[in-house]
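Q: Structure provided below as structure tokens; questions to follow.
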Amino acid sequence: MPLDHHVRRVSVLVPRIARNLRLAGLIDSVYHGLTTPQLLTLFILDEAAPKKLSMTEIADDLGVSLPTTTGIVDRLVREGLAARAASPEDRRVVLVSLTRAGRSVVVRMVQALDEVMTRVLASVEEGEREAIAQAAERFHELSVLIRQENRQIAEVSE
């Protein structure tokens, strides 16, 4: 098959997959009122821990503007899920970290996702489970490349 055939198949499926993976209901069951960008921010902070992240680092990772990131972090701080501190090197730089409550939300979300995936994968034979896991890992690797491509496009257009 020619490359453009595969490109088209994947290009059509990516938005459908993203739409099917909307997690709002699951997120709300873990922490009422938490939005997807807020949850993603908690995951970003958790992955970085114990390092604290600057607002710019969070914005870059989320792929959103600094003002949008400020709003997301404001809500997380108000909810006690994240903490802000001035950088010891540069007081103008705000550093953000996960609180114990924020870490608890991350743990509960991972458990909820594990429960969903257990139910879904239980209906699939072992060989297919392995193929799905490998495909998910590869799709993640490709998503990193897509993200890098998007960043390069954004830099060129600035």
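Residues in the structure tokens are numbered from 1 in each chain, the chains being A, B, ... in the order shown, and ligands are numbered from 1 in the order shown.
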Where in chain A does DSSP assign strand (DSSP E or B), given as a VMD selection string?

A: chain A and resid 53 to 54 82 to 86 94 to 98

Q: Convert the current residue selection to file output with N, CA and C atoms, as a PDB file, in the first residue's frame.

A:
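Contents of result31.pdb, as written:
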```
ATOM      1  N   LEU A  53       7.930  23.042  38.661  1.00  0.00           N
ATOM      2  CA  LEU A  53       7.937  23.546  37.288  1.00  0.00           C
ATOM      3  C   LEU A  53       7.542  25.012  37.232  1.00  0.00           C
ATOM      4  N   SER A  54       8.143  25.725  36.310  1.00  0.00           N
ATOM      5  CA  SER A  54       7.746  27.116  36.072  1.00  0.00           C
ATOM      6  C   SER A  54       6.445  27.123  35.284  1.00  0.00           C
ATOM      7  N   ALA A  82      -2.364  22.028  44.100  1.00  0.00           N
ATOM      8  CA  ALA A  82      -1.027  22.469  43.685  1.00  0.00           C
ATOM      9  C   ALA A  82      -0.617  23.629  44.582  1.00  0.00           C
ATOM     10  N   ALA A  83       0.687  23.866  44.630  1.00  0.00           N
ATOM     11  CA  ALA A  83       1.219  24.973  45.431  1.00  0.00           C
ATOM     12  C   ALA A  83       2.151  25.798  44.561  1.00  0.00           C
ATOM     13  N   ARG A  84       2.142  27.100  44.837  1.00  0.00           N
ATOM     14  CA  ARG A  84       3.024  28.039  44.130  1.00  0.00           C
ATOM     15  C   ARG A  84       4.092  28.533  45.086  1.00  0.00           C
ATOM     16  N   ALA A  85       5.266  28.808  44.509  1.00  0.00           N
ATOM     17  CA  ALA A  85       6.346  29.411  45.290  1.00  0.00           C
ATOM     18  C   ALA A  85       7.217  30.213  44.337  1.00  0.00           C
ATOM     19  N   ALA A  86       7.825  31.258  44.866  1.00  0.00           N
ATOM     20  CA  ALA A  86       8.767  32.037  44.056  1.00  0.00           C
ATOM     21  C   ALA A  86      10.059  31.241  43.918  1.00  0.00           C
ATOM     22  N   VAL A  94       7.590  32.012  38.964  1.00  0.00           N
ATOM     23  CA  VAL A  94       6.707  31.248  39.846  1.00  0.00           C
ATOM     24  C   VAL A  94       6.914  29.763  39.567  1.00  0.00           C
ATOM     25  N   LEU A  95       7.157  29.006  40.635  1.00  0.00           N
ATOM     26  CA  LEU A  95       7.314  27.558  40.517  1.00  0.00           C
ATOM     27  C   LEU A  95       6.085  26.870  41.098  1.00  0.00           C
ATOM     28  N   VAL A  96       5.667  25.797  40.456  1.00  0.00           N
ATOM     29  CA  VAL A  96       4.449  25.094  40.857  1.00  0.00           C
ATOM     30  C   VAL A  96       4.798  23.644  41.176  1.00  0.00           C
ATOM     31  N   SER A  97       4.186  23.134  42.235  1.00  0.00           N
ATOM     32  CA  SER A  97       4.386  21.731  42.611  1.00  0.00           C
ATOM     33  C   SER A  97       3.050  21.124  43.020  1.00  0.00           C
ATOM     34  N   LEU A  98       3.038  19.822  43.082  1.00  0.00           N
ATOM     35  CA  LEU A  98       1.861  19.062  43.469  1.00  0.00           C
ATOM     36  C   LEU A  98       1.790  18.998  44.990  1.00  0.00           C
TER      37      LEU A  98
END
```

Q: Could you give me, as a PyMOL selection string, the residues within 10 Å of Pro67 of chain A, counting only C-alpha atoms and dropping anything in the same chain fewer than 6 positions from it?

A: chain A and resi 55+59+73

Q: List as a PyMOL selection string the protein and nucleic acid residues near Val116 of chain A, meaning an atom at most 10 Å away when only C-alpha atoms are counted, but skip any in the same chain fewer than 6 places from it.

A: chain A and resi 26+110+122

Q: Write a file of the selected residues as a PDB file, in the first residue's frame, keeping N, CA and C atoms.

A:
```pdb
ATOM      1  N   LEU A  26     -15.159  10.372  33.860  1.00  0.00           N
ATOM      2  CA  LEU A  26     -14.262   9.656  34.761  1.00  0.00           C
ATOM      3  C   LEU A  26     -13.528  10.633  35.675  1.00  0.00           C
ATOM      4  N   VAL A 110      -5.393   7.296  38.203  1.00  0.00           N
ATOM      5  CA  VAL A 110      -4.696   6.135  37.640  1.00  0.00           C
ATOM      6  C   VAL A 110      -5.460   4.854  37.999  1.00  0.00           C
ATOM      7  N   ALA A 122     -10.347  -7.238  29.473  1.00  0.00           N
ATOM      8  CA  ALA A 122     -10.793  -8.573  29.880  1.00  0.00           C
ATOM      9  C   ALA A 122     -11.561  -9.263  28.760  1.00  0.00           C
TER      10      ALA A 122
END
```

Q: Have a look at atom CA of Ala49 of chain A and atom CA of Ser65 of chain A and let me know their distance in Å, one decimal.

A: 22.4 Å

Q: Mind checking DSSP for segment 15-156 of chain A and telling me the helix (DSSP H, G or I) residues as a ChimeraX atom specification?

A: /A:15-20,24-30,36-48,55-62,66-78,100-122,126-156

Q: Store the residues picked out above in a file with C-alpha atoms, as a JSON list (two decimals), in the first residue's frame.

A:
```json
[["chain", "number", "residue", "atom", "x", "y", "z"],
["A", 15, "PRO", "CA", -9.59, 12.76, 15.96],
["A", 16, "ARG", "CA", -12.02, 9.88, 16.47],
["A", 17, "ILE", "CA", -9.73, 8.29, 19.04],
["A", 18, "ALA", "CA", -9.31, 11.63, 20.83],
["A", 19, "ARG", "CA", -13.09, 12.09, 20.87],
["A", 20, "ASN", "CA", -13.66, 8.58, 22.23],
["A", 24, "ALA", "CA", -14.68, 14.18, 31.62],
["A", 25, "GLY", "CA", -17.06, 11.73, 33.31],
["A", 26, "LEU", "CA", -14.26, 9.66, 34.76],
["A", 27, "ILE", "CA", -12.39, 12.77, 35.91],
["A", 28, "ASP", "CA", -15.55, 14.11, 37.55],
["A", 29, "SER", "CA", -16.03, 10.81, 39.40],
["A", 30, "VAL", "CA", -12.52, 11.14, 40.83],
["A", 36, "THR", "CA", -9.24, 17.80, 31.61],
["A", 37, "PRO", "CA", -6.55, 20.55, 31.36],
["A", 38, "GLN", "CA", -6.40, 20.71, 35.16],
["A", 39, "LEU", "CA", -5.98, 16.94, 35.40],
["A", 40, "LEU", "CA", -3.30, 16.99, 32.71],
["A", 41, "THR", "CA", -1.49, 19.67, 34.72],
["A", 42, "LEU", "CA", -1.61, 17.45, 37.81],
["A", 43, "PHE", "CA", -0.11, 14.60, 35.76],
["A", 44, "ILE", "CA", 2.61, 16.93, 34.42],
["A", 45, "LEU", "CA", 3.48, 18.07, 37.96],
["A", 46, "ASP", "CA", 3.46, 14.47, 39.20],
["A", 47, "GLU", "CA", 5.83, 13.33, 36.44],
["A", 48, "ALA", "CA", 8.20, 16.21, 37.23],
["A", 55, "MET", "CA", 4.53, 28.39, 34.54],
["A", 56, "THR", "CA", 6.33, 28.50, 31.18],
["A", 57, "GLU", "CA", 7.31, 24.82, 31.45],
["A", 58, "ILE", "CA", 3.72, 23.87, 32.25],
["A", 59, "ALA", "CA", 2.36, 26.00, 29.39],
["A", 60, "ASP", "CA", 4.83, 24.40, 26.97],
["A", 61, "ASP", "CA", 3.92, 20.90, 28.10],
["A", 62, "LEU", "CA", 0.17, 21.59, 27.88],
["A", 66, "LEU", "CA", 0.77, 31.47, 29.66],
["A", 67, "PRO", "CA", -2.50, 33.27, 30.62],
["A", 68, "THR", "CA", -4.43, 30.01, 30.12],
["A", 69, "THR", "CA", -1.90, 28.16, 32.27],
["A", 70, "THR", "CA", -2.20, 30.81, 34.96],
["A", 71, "GLY", "CA", -5.97, 30.24, 35.10],
["A", 72, "ILE", "CA", -5.52, 26.47, 35.32],
["A", 73, "VAL", "CA", -2.91, 26.73, 38.07],
["A", 74, "ASP", "CA", -4.98, 29.37, 39.97],
["A", 75, "ARG", "CA", -7.85, 26.89, 40.25],
["A", 76, "LEU", "CA", -5.57, 24.02, 41.30],
["A", 77, "VAL", "CA", -4.00, 26.21, 44.00],
["A", 78, "ARG", "CA", -7.46, 27.32, 45.23],
["A", 100, "ARG", "CA", -0.45, 15.71, 48.81],
["A", 101, "ALA", "CA", -4.08, 16.27, 47.84],
["A", 102, "GLY", "CA", -3.04, 16.72, 44.21],
["A", 103, "ARG", "CA", -0.98, 13.53, 44.34],
["A", 104, "SER", "CA", -3.99, 11.73, 45.79],
["A", 105, "VAL", "CA", -6.12, 12.85, 42.82],
["A", 106, "VAL", "CA", -3.45, 11.53, 40.41],
["A", 107, "VAL", "CA", -3.35, 8.17, 42.23],
["A", 108, "ARG", "CA", -7.16, 7.88, 42.21],
["A", 109, "MET", "CA", -7.29, 8.78, 38.51],
["A", 110, "VAL", "CA", -4.70, 6.13, 37.64],
["A", 111, "GLN", "CA", -6.71, 3.59, 39.65],
["A", 112, "ALA", "CA", -9.92, 4.60, 37.83],
["A", 113, "LEU", "CA", -8.19, 4.27, 34.45],
["A", 114, "ASP", "CA", -6.81, 0.87, 35.50],
["A", 115, "GLU", "CA", -10.33, -0.28, 36.38],
["A", 116, "VAL", "CA", -11.70, 0.84, 33.01],
["A", 117, "MET", "CA", -8.84, -0.78, 31.10],
["A", 118, "THR", "CA", -9.24, -4.00, 33.11],
["A", 119, "ARG", "CA", -12.89, -4.24, 32.08],
["A", 120, "VAL", "CA", -12.12, -3.38, 28.44],
["A", 121, "LEU", "CA", -9.10, -5.67, 28.06],
["A", 122, "ALA", "CA", -10.79, -8.57, 29.88],
["A", 126, "GLU", "CA", -4.16, -12.46, 25.63],
["A", 127, "GLY", "CA", -2.39, -12.27, 22.27],
["A", 128, "GLU", "CA", -4.52, -9.33, 21.24],
["A", 129, "ARG", "CA", -3.92, -7.63, 24.62],
["A", 130, "GLU", "CA", -0.19, -7.75, 23.97],
["A", 131, "ALA", "CA", -0.68, -6.37, 20.47],
["A", 132, "ILE", "CA", -2.88, -3.56, 21.86],
["A", 133, "ALA", "CA", -0.30, -2.69, 24.54],
["A", 134, "GLN", "CA", 2.50, -2.62, 21.96],
["A", 135, "ALA", "CA", 0.40, -0.53, 19.57],
["A", 136, "ALA", "CA", -0.45, 1.91, 22.40],
["A", 137, "GLU", "CA", 3.26, 2.28, 23.24],
["A", 138, "ARG", "CA", 4.11, 2.89, 19.59],
["A", 139, "PHE", "CA", 1.22, 5.32, 19.19],
["A", 140, "HIS", "CA", 2.54, 7.24, 22.20],
["A", 141, "GLU", "CA", 5.99, 7.43, 20.58],
["A", 142, "LEU", "CA", 4.39, 8.75, 17.40],
["A", 143, "SER", "CA", 2.35, 11.28, 19.39],
["A", 144, "VAL", "CA", 5.63, 12.69, 20.74],
["A", 145, "LEU", "CA", 6.85, 13.14, 17.16],
["A", 146, "ILE", "CA", 3.56, 14.81, 16.20],
["A", 147, "ARG", "CA", 3.93, 17.17, 19.16],
["A", 148, "GLN", "CA", 7.48, 18.07, 18.11],
["A", 149, "GLU", "CA", 6.26, 18.71, 14.57],
["A", 150, "ASN", "CA", 3.49, 20.97, 15.89],
["A", 151, "ARG", "CA", 6.00, 22.93, 17.99],
["A", 152, "GLN", "CA", 8.21, 23.48, 14.95],
["A", 153, "ILE", "CA", 5.22, 24.70, 12.94],
["A", 154, "ALA", "CA", 4.26, 27.07, 15.76],
["A", 155, "GLU", "CA", 7.82, 28.44, 15.99],
["A", 156, "VAL", "CA", 7.94, 29.10, 12.25]]
```

Q: Could you tell me how far atom CA of His6 of chain A sits from atom CA of Val124 of chain A, in Å to one decimal place?

A: 25.1 Å

Q: Go through A:Thr99, A:Thr35, A:Gly63, A:Arg8 and flag the residue nearest Leu23 of chain A, using only C-alpha atoms for the distances.

A: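 Using only C-alpha atoms, Leu23 of chain A sits closest to A:Thr35.
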
Q: One decimal, in Å: what's the spacing between atom CA of Arg92 of chain A and atom CA of Lys52 of chain A?

A: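 A separation of 14.7 Å between them.
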